[in-house]
Amino acid sequence: MPKKGISVYSYIGVPGYEIGFSVPQEQCLHDSTHNFTCRDLEVDSAHISGLENFTGRLQWTVFRYGEVVATQYNDVNSVTGKIEAGTMVSTQDFHPIFTEDAIITYGFYTAGHGEVGLTNRHQCYVTICSTENRFWMGSVASPGSIAAQKPFWRFVLAAPHDNGMNSMGSCDAIFQHFDTDMLSAVRKLVPLLEHVQHIPDHFLMEKLPHIVYGLAVTQKKTVSTMLAMGARYFEFRPAKLLPMFASSTALRDTFYFQHACIPGLAFDEFLREQVTFLDENPTEIVTVHIRWDNIVAECKRPTSEEIANMLSEACGQAKQHLLTWGTRECFMKPIDELRRTGTRLIVVIEADKYDSWTAKAYATLSADSILARFESMNSQGQEASDLTILQCQATSQSIKEVLVYSVVSAHSASSCLTSTKGALDMQTLPWIREHALTRLTAERTIVIMNDFIDGATIDTSILLSKERLK
């Protein structure tokens, strides 16, 4: 009988919570003992009532001490595999769910038939972390404690990859005026688009919002929510809009996060959210790394003076607690000293990184080459750099066939970035938990980076921070 497979993943970091997954005549209940495991379910025509009915429901339900606190579903056609209806049909609508003591994040990938090496199974993940992650640094290294007298580098920081690409707001404003002349110019500016030169302009114009969302939007939460979940390291690539975008839209003349030349969050808005959070949470310290890799030359970068002025102006908006920004020297200073002086926004520009990412290793649909990169890293390699970065997400859009397929088949929940999220996290995060602190022992800040930042990634950073601060 026809059927469509669905792989489900869960992570639970809060006591009393369970997650149930169900399809017709099959269900499973996950607790924290099922963290970093996968369960394969099948929407099977044989289990669906009605001779002419081939649609079955995948549903997940979060229970808190047996009481339902959240649920989402998709109706899946067992013959075509398509999503007929549901609450998880568009990735940009997968908003975090807050309960009295937890933050629930989730995602869903709509799979095809296994083209170009992509999975043929729909993917669904649900993670649960504590609302107390908002002030986790204050808990792990409480003011006045022995841990708080140790240097900042002892913290392990969770990082949302390309955090400024967390909405389509800026792109939508550009798309209102986008034309084929702009498309032709963008084709020339972005080298990756050479793989889709054979695809006609009218097709790309029609699909453009889905294409950009599927290949460039790597987060779906506000910066404030990422901070509340426990993220404490943010890379930002600030630059002005392409001149042709600036002249044709009503977007403000300011610096935006840039993905090549695709704009995301405005830099001043990003800083405003950081300062608001730090002002409300005086034990917390955030690191911002300003970089400009892969930004097209036509997007004007801010000067050092402009950056310093924006940082000082943003910190000046704090009303409840003293707040200022510092530089790379802060990594070696005691945690309590940074709190005492209000230096709780550490900003580094184009810092040296000891990074697991390479173009070859991360152009992948499996964890093997990423884990190999992790295995190749050592303490000696850390010594020459300020930051050690362990990246968990793949850049599968760098694979020519995956890019072309993703462009041609683009729709609201088909991003190749989401296709590997659950499967990679199930392997990369356990490796980091087990091996990172024994392999990487230099006195350097360690960062764990991931797409669609989630409770499992953040709890991993907190767990390792506790170990490093003992």
# chains A, B, ... in the order shown; residues from 1 in each chain; ligands from 1
$ select_by_dssp --residues "stretch 165-365 of chain A" --states "strand (DSSP E or B)" --output "ChimeraX atom specification"
/A:233-236,238-239,256-259,262-266,286-290,324-326,334,343-349,353-355
$ write_last_selection --atoms "C-alpha atoms" --output "tab-separated table (two decimals), in the first residue's frame"
chain	number	residue	atom	x	y	z
A	233	TYR	CA	27.23	34.75	20.55
A	234	PHE	CA	26.08	36.56	17.41
A	235	GLU	CA	27.92	37.15	14.16
A	236	PHE	CA	26.75	40.16	12.17
A	238	PRO	CA	26.53	45.00	8.55
A	239	ALA	CA	26.48	46.83	5.22
A	256	TYR	CA	21.61	45.69	7.39
A	257	PHE	CA	22.78	42.14	7.92
A	258	GLN	CA	23.85	41.02	4.46
A	259	HIS	CA	23.79	37.51	3.01
A	262	ILE	CA	20.33	39.84	0.40
A	263	PRO	CA	19.42	42.09	3.35
A	264	GLY	CA	18.08	40.91	6.68
A	265	LEU	CA	17.80	42.63	10.05
A	266	ALA	CA	18.93	46.24	10.45
A	286	VAL	CA	26.89	38.77	24.98
A	287	THR	CA	29.60	38.52	22.34
A	288	VAL	CA	29.07	40.11	18.92
A	289	HIS	CA	31.47	39.28	16.09
A	290	ILE	CA	31.34	41.73	13.18
A	324	THR	CA	29.17	49.52	27.96
A	325	TRP	CA	30.98	47.55	25.30
A	326	GLY	CA	34.47	46.10	25.27
A	334	PRO	CA	37.08	37.67	35.24
A	343	THR	CA	31.21	45.63	30.12
A	344	ARG	CA	28.63	43.08	29.09
A	345	LEU	CA	28.66	43.56	25.31
A	346	ILE	CA	31.92	42.17	23.95
A	347	VAL	CA	32.50	43.21	20.33
A	348	VAL	CA	35.22	41.82	18.11
A	349	ILE	CA	35.76	42.78	14.47
A	353	LYS	CA	38.69	32.02	14.27
A	354	TYR	CA	39.61	28.38	14.59
A	355	ASP	CA	36.58	27.19	12.69
$ residues_around --residues "A:Met226" --least-positions-apart "6" --cutoff "10 Å" --atoms "only C-alpha atoms" --output "ChimeraX atom specification"
/A:96,134,158-160,163,219-220,232,234,452-455,458
$ write_last_selection --atoms "N, CA and C atoms" --output "short mmCIF file (atom, residue, chain, number, x, y, z; two decimals), in the first residue's frame"
data_model
loop_
_atom_site.label_atom_id
_atom_site.label_comp_id
_atom_site.auth_asym_id
_atom_site.auth_seq_id
_atom_site.Cartn_x
_atom_site.Cartn_y
_atom_site.Cartn_z
N PRO A 96 8.19 30.03 18.15
CA PRO A 96 8.37 29.37 19.45
C PRO A 96 7.11 29.48 20.31
N ARG A 134 17.20 32.19 30.20
CA ARG A 134 17.31 33.66 30.06
C ARG A 134 18.48 34.18 30.89
N ALA A 158 26.38 29.46 22.79
CA ALA A 158 25.55 29.01 21.68
C ALA A 158 25.33 30.17 20.72
N ALA A 159 25.37 29.86 19.42
CA ALA A 159 25.30 30.90 18.40
C ALA A 159 24.30 30.54 17.31
N PRO A 160 23.35 31.42 17.02
CA PRO A 160 22.50 31.23 15.83
C PRO A 160 23.27 31.61 14.58
N ASN A 163 22.33 34.97 12.22
CA ASN A 163 21.16 35.36 13.02
C ASN A 163 20.37 36.51 12.41
N GLN A 219 17.31 31.46 10.30
CA GLN A 219 16.68 31.56 11.62
C GLN A 219 15.24 32.00 11.44
N LYS A 220 14.41 31.74 12.45
CA LYS A 220 13.01 32.15 12.35
C LYS A 220 12.50 32.75 13.66
N ARG A 232 24.25 33.39 23.18
CA ARG A 232 25.09 34.47 23.71
C ARG A 232 26.21 34.89 22.75
N PHE A 234 26.78 36.16 18.63
CA PHE A 234 26.08 36.56 17.41
C PHE A 234 27.09 37.14 16.42
N PHE A 452 18.60 27.62 12.79
CA PHE A 452 17.33 27.48 13.50
C PHE A 452 17.60 27.12 14.96
N ILE A 453 18.24 28.06 15.65
CA ILE A 453 18.73 27.82 17.01
C ILE A 453 17.65 27.19 17.88
N ASP A 454 18.03 26.22 18.69
CA ASP A 454 17.07 25.36 19.37
C ASP A 454 17.54 25.04 20.77
N GLY A 455 16.65 24.40 21.53
CA GLY A 455 16.95 24.09 22.92
C GLY A 455 18.11 23.14 23.10
N ILE A 458 21.49 25.04 22.67
CA ILE A 458 21.75 25.95 23.77
C ILE A 458 22.03 25.19 25.06
#
$ closest_atom_pairs --of "stretch 123-180 of chain A" --to "stretch 102-109 of chain A" --cutoff "9 Å" --atoms "only C-alpha atoms" --output "JSON lines"
{"residue": "A:Gln123", "atom": "CA", "partner": "A:Tyr109", "partner_atom": "CA", "distance": 5.0}
{"residue": "A:Cys124", "atom": "CA", "partner": "A:Phe108", "partner_atom": "CA", "distance": 4.5}
{"residue": "A:Tyr125", "atom": "CA", "partner": "A:Tyr106", "partner_atom": "CA", "distance": 5.4}
{"residue": "A:Val126", "atom": "CA", "partner": "A:Tyr106", "partner_atom": "CA", "distance": 4.3}
{"residue": "A:Thr127", "atom": "CA", "partner": "A:Thr105", "partner_atom": "CA", "distance": 5.3}
{"residue": "A:Ile128", "atom": "CA", "partner": "A:Ile104", "partner_atom": "CA", "distance": 4.6}
{"residue": "A:Cys129", "atom": "CA", "partner": "A:Ile103", "partner_atom": "CA", "distance": 5.4}
{"residue": "A:Ser130", "atom": "CA", "partner": "A:Ala102", "partner_atom": "CA", "distance": 4.4}
{"residue": "A:Thr131", "atom": "CA", "partner": "A:Ala102", "partner_atom": "CA", "distance": 4.9}
{"residue": "A:Glu132", "atom": "CA", "partner": "A:Ala102", "partner_atom": "CA", "distance": 8.1}
$ write_last_selection --atoms "C-alpha atoms" --output "mmCIF file, in the first residue's frame"
data_model
loop_
_atom_site.group_PDB
_atom_site.id
_atom_site.type_symbol
_atom_site.label_atom_id
_atom_site.label_comp_id
_atom_site.auth_asym_id
_atom_site.auth_seq_id
_atom_site.Cartn_x
_atom_site.Cartn_y
_atom_site.Cartn_z
ATOM 1 C CA GLN A 123 11.396 15.657 8.800
ATOM 2 C CA CYS A 124 9.944 16.965 12.068
ATOM 3 C CA TYR A 125 11.764 18.044 15.208
ATOM 4 C CA VAL A 126 10.616 19.462 18.550
ATOM 5 C CA THR A 127 12.911 20.814 21.287
ATOM 6 C CA ILE A 128 12.113 22.047 24.790
ATOM 7 C CA CYS A 129 14.415 24.223 26.913
ATOM 8 C CA SER A 130 13.895 26.081 30.165
ATOM 9 C CA THR A 131 12.769 29.699 30.467
ATOM 10 C CA GLU A 132 15.535 29.942 33.085
#
$ residues_around --residues "A:Leu58" --least-positions-apart "6" --cutoff "8 Å" --atoms "only C-alpha atoms" --output "PyMOL selection string"
chain A and resi 21-24+43+73-76
$ select_by_dssp --residues "stretch 213-252 of chain A" --states "alpha helix (DSSP H)" --output "ChimeraX atom specification"
/A:213-216,223-229,243-246
$ write_last_selection --atoms "N, CA and C atoms" --output "JSON list (two decimals), in the first residue's frame"
[["chain", "number", "residue", "atom", "x", "y", "z"],
["A", 213, "TYR", "N", 13.86, 32.50, 0.76],
["A", 213, "TYR", "CA", 13.58, 31.96, 2.09],
["A", 213, "TYR", "C", 14.25, 30.60, 2.28],
["A", 214, "GLY", "N", 14.20, 29.77, 1.27],
["A", 214, "GLY", "CA", 14.73, 28.43, 1.40],
["A", 214, "GLY", "C", 16.24, 28.35, 1.42],
["A", 215, "LEU", "N", 16.93, 29.32, 0.80],
["A", 215, "LEU", "CA", 18.38, 29.24, 0.67],
["A", 215, "LEU", "C", 19.13, 30.23, 1.55],
["A", 216, "ALA", "N", 18.46, 31.24, 2.10],
["A", 216, "ALA", "CA", 19.17, 32.29, 2.82],
["A", 216, "ALA", "C", 18.67, 32.53, 4.24],
["A", 223, "VAL", "N", 15.67, 38.23, 17.65],
["A", 223, "VAL", "CA", 16.90, 38.23, 18.46],
["A", 223, "VAL", "C", 16.55, 38.14, 19.94],
["A", 224, "SER", "N", 15.49, 38.81, 20.35],
["A", 224, "SER", "CA", 15.07, 38.77, 21.76],
["A", 224, "SER", "C", 14.73, 37.35, 22.20],
["A", 225, "THR", "N", 14.07, 36.60, 21.32],
["A", 225, "THR", "CA", 13.74, 35.21, 21.65],
["A", 225, "THR", "C", 15.00, 34.35, 21.70],
["A", 226, "MET", "N", 15.92, 34.55, 20.75],
["A", 226, "MET", "CA", 17.19, 33.80, 20.79],
["A", 226, "MET", "C", 17.92, 34.05, 22.10],
["A", 227, "LEU", "N", 17.93, 35.29, 22.54],
["A", 227, "LEU", "CA", 18.58, 35.63, 23.80],
["A", 227, "LEU", "C", 17.87, 34.97, 24.98],
["A", 228, "ALA", "N", 16.55, 35.01, 24.97],
["A", 228, "ALA", "CA", 15.77, 34.40, 26.04],
["A", 228, "ALA", "C", 16.02, 32.89, 26.11],
["A", 229, "MET", "N", 16.23, 32.27, 24.95],
["A", 229, "MET", "CA", 16.51, 30.84, 24.91],
["A", 229, "MET", "C", 17.91, 30.52, 25.44],
["A", 243, "PRO", "N", 22.95, 49.67, -4.10],
["A", 243, "PRO", "CA", 22.39, 50.94, -4.56],
["A", 243, "PRO", "C", 21.07, 50.79, -5.31],
["A", 244, "MET", "N", 20.94, 49.75, -6.15],
["A", 244, "MET", "CA", 19.69, 49.60, -6.90],
["A", 244, "MET", "C", 18.53, 49.21, -5.98],
["A", 245, "PHE", "N", 18.81, 48.53, -4.86],
["A", 245, "PHE", "CA", 17.76, 48.23, -3.89],
["A", 245, "PHE", "C", 17.40, 49.49, -3.11],
["A", 246, "ALA", "N", 18.42, 50.24, -2.72],
["A", 246, "ALA", "CA", 18.18, 51.45, -1.91],
["A", 246, "ALA", "C", 17.35, 52.48, -2.67]]
$ closest_residue --among "A:Ala436, A:Val14, A:Ala363, A:Leu424" --to "A:Cys38" --atoms "only C-alpha atoms"
A:Leu424
$ atom_distance --atom1 "atom CA of A:Leu469" --atom2 "atom CA of A:Arg154"
6.1 Å
$ closest_residue --among "A:Ala260, A:Ile83, A:Ile19, A:Ile48" --to "A:His34" --atoms "only C-alpha atoms"
A:Ile19
$ closest_residue --among "A:Thr55, A:Ser419, A:Ser45, A:Ser376" --to "A:Ser406" --atoms "only C-alpha atoms"
A:Ser419
$ atom_distance --atom1 "atom CA of A:Ser356" --atom2 "atom CA of A:Leu390"
5.4 Å
$ closest_residue --among "A:Val296, A:Ile285, A:Cys416, A:Val275" --to "A:Gly316" --atoms "only C-alpha atoms"
A:Val275
$ closest_residue --among "A:Val79, A:Leu204, A:Ile335, A:Val116" --to "A:Ser184" --atoms "only C-alpha atoms"
A:Leu204
$ closest_residue --among "A:Ile12, A:Ala314, A:Leu463, A:Val402" --to "A:Leu29" --atoms "only C-alpha atoms"
A:Ile12
$ decode --residues "stretch 390-401 of chain A" --atoms "N, CA and C atoms" --output "PDB file, in the first residue's frame"
ATOM      1  N   LEU A 390      32.518  25.649  16.479  1.00  0.00           N
ATOM      2  CA  LEU A 390      32.045  24.340  16.046  1.00  0.00           C
ATOM      3  C   LEU A 390      30.692  24.533  15.377  1.00  0.00           C
ATOM      4  N   GLN A 391      30.651  24.398  14.062  1.00  0.00           N
ATOM      5  CA  GLN A 391      29.418  24.633  13.315  1.00  0.00           C
ATOM      6  C   GLN A 391      28.689  23.315  13.083  1.00  0.00           C
ATOM      7  N   CYS A 392      27.413  23.287  13.434  1.00  0.00           N
ATOM      8  CA  CYS A 392      26.620  22.059  13.348  1.00  0.00           C
ATOM      9  C   CYS A 392      25.792  21.966  12.074  1.00  0.00           C
ATOM     10  N   GLN A 393      25.540  23.071  11.417  1.00  0.00           N
ATOM     11  CA  GLN A 393      24.663  23.093  10.257  1.00  0.00           C
ATOM     12  C   GLN A 393      25.417  22.861   8.962  1.00  0.00           C
ATOM     13  N   ALA A 394      24.789  22.172   8.028  1.00  0.00           N
ATOM     14  CA  ALA A 394      25.379  21.972   6.704  1.00  0.00           C
ATOM     15  C   ALA A 394      25.014  23.142   5.787  1.00  0.00           C
ATOM     16  N   THR A 395      25.840  23.367   4.776  1.00  0.00           N
ATOM     17  CA  THR A 395      25.511  24.334   3.722  1.00  0.00           C
ATOM     18  C   THR A 395      25.258  23.541   2.441  1.00  0.00           C
ATOM     19  N   SER A 396      24.188  22.753   2.488  1.00  0.00           N
ATOM     20  CA  SER A 396      23.901  21.849   1.372  1.00  0.00           C
ATOM     21  C   SER A 396      23.545  22.592   0.097  1.00  0.00           C
ATOM     22  N   GLN A 397      23.154  23.875   0.208  1.00  0.00           N
ATOM     23  CA  GLN A 397      22.856  24.648  -0.992  1.00  0.00           C
ATOM     24  C   GLN A 397      24.101  24.881  -1.839  1.00  0.00           C
ATOM     25  N   SER A 398      25.279  24.588  -1.287  1.00  0.00           N
ATOM     26  CA  SER A 398      26.518  24.701  -2.059  1.00  0.00           C
ATOM     27  C   SER A 398      26.719  23.525  -3.006  1.00  0.00           C
ATOM     28  N   ILE A 399      25.923  22.475  -2.849  1.00  0.00           N
ATOM     29  CA  ILE A 399      25.959  21.352  -3.779  1.00  0.00           C
ATOM     30  C   ILE A 399      25.144  21.747  -5.008  1.00  0.00           C
ATOM     31  N   LYS A 400      25.758  21.726  -6.169  1.00  0.00           N
ATOM     32  CA  LYS A 400      25.120  22.239  -7.388  1.00  0.00           C
ATOM     33  C   LYS A 400      23.734  21.637  -7.607  1.00  0.00           C
ATOM     34  N   GLU A 401      23.630  20.299  -7.520  1.00  0.00           N
ATOM     35  CA  GLU A 401      22.356  19.637  -7.807  1.00  0.00           C
ATOM     36  C   GLU A 401      21.293  20.000  -6.776  1.00  0.00           C
TER      37      GLU A 401
END
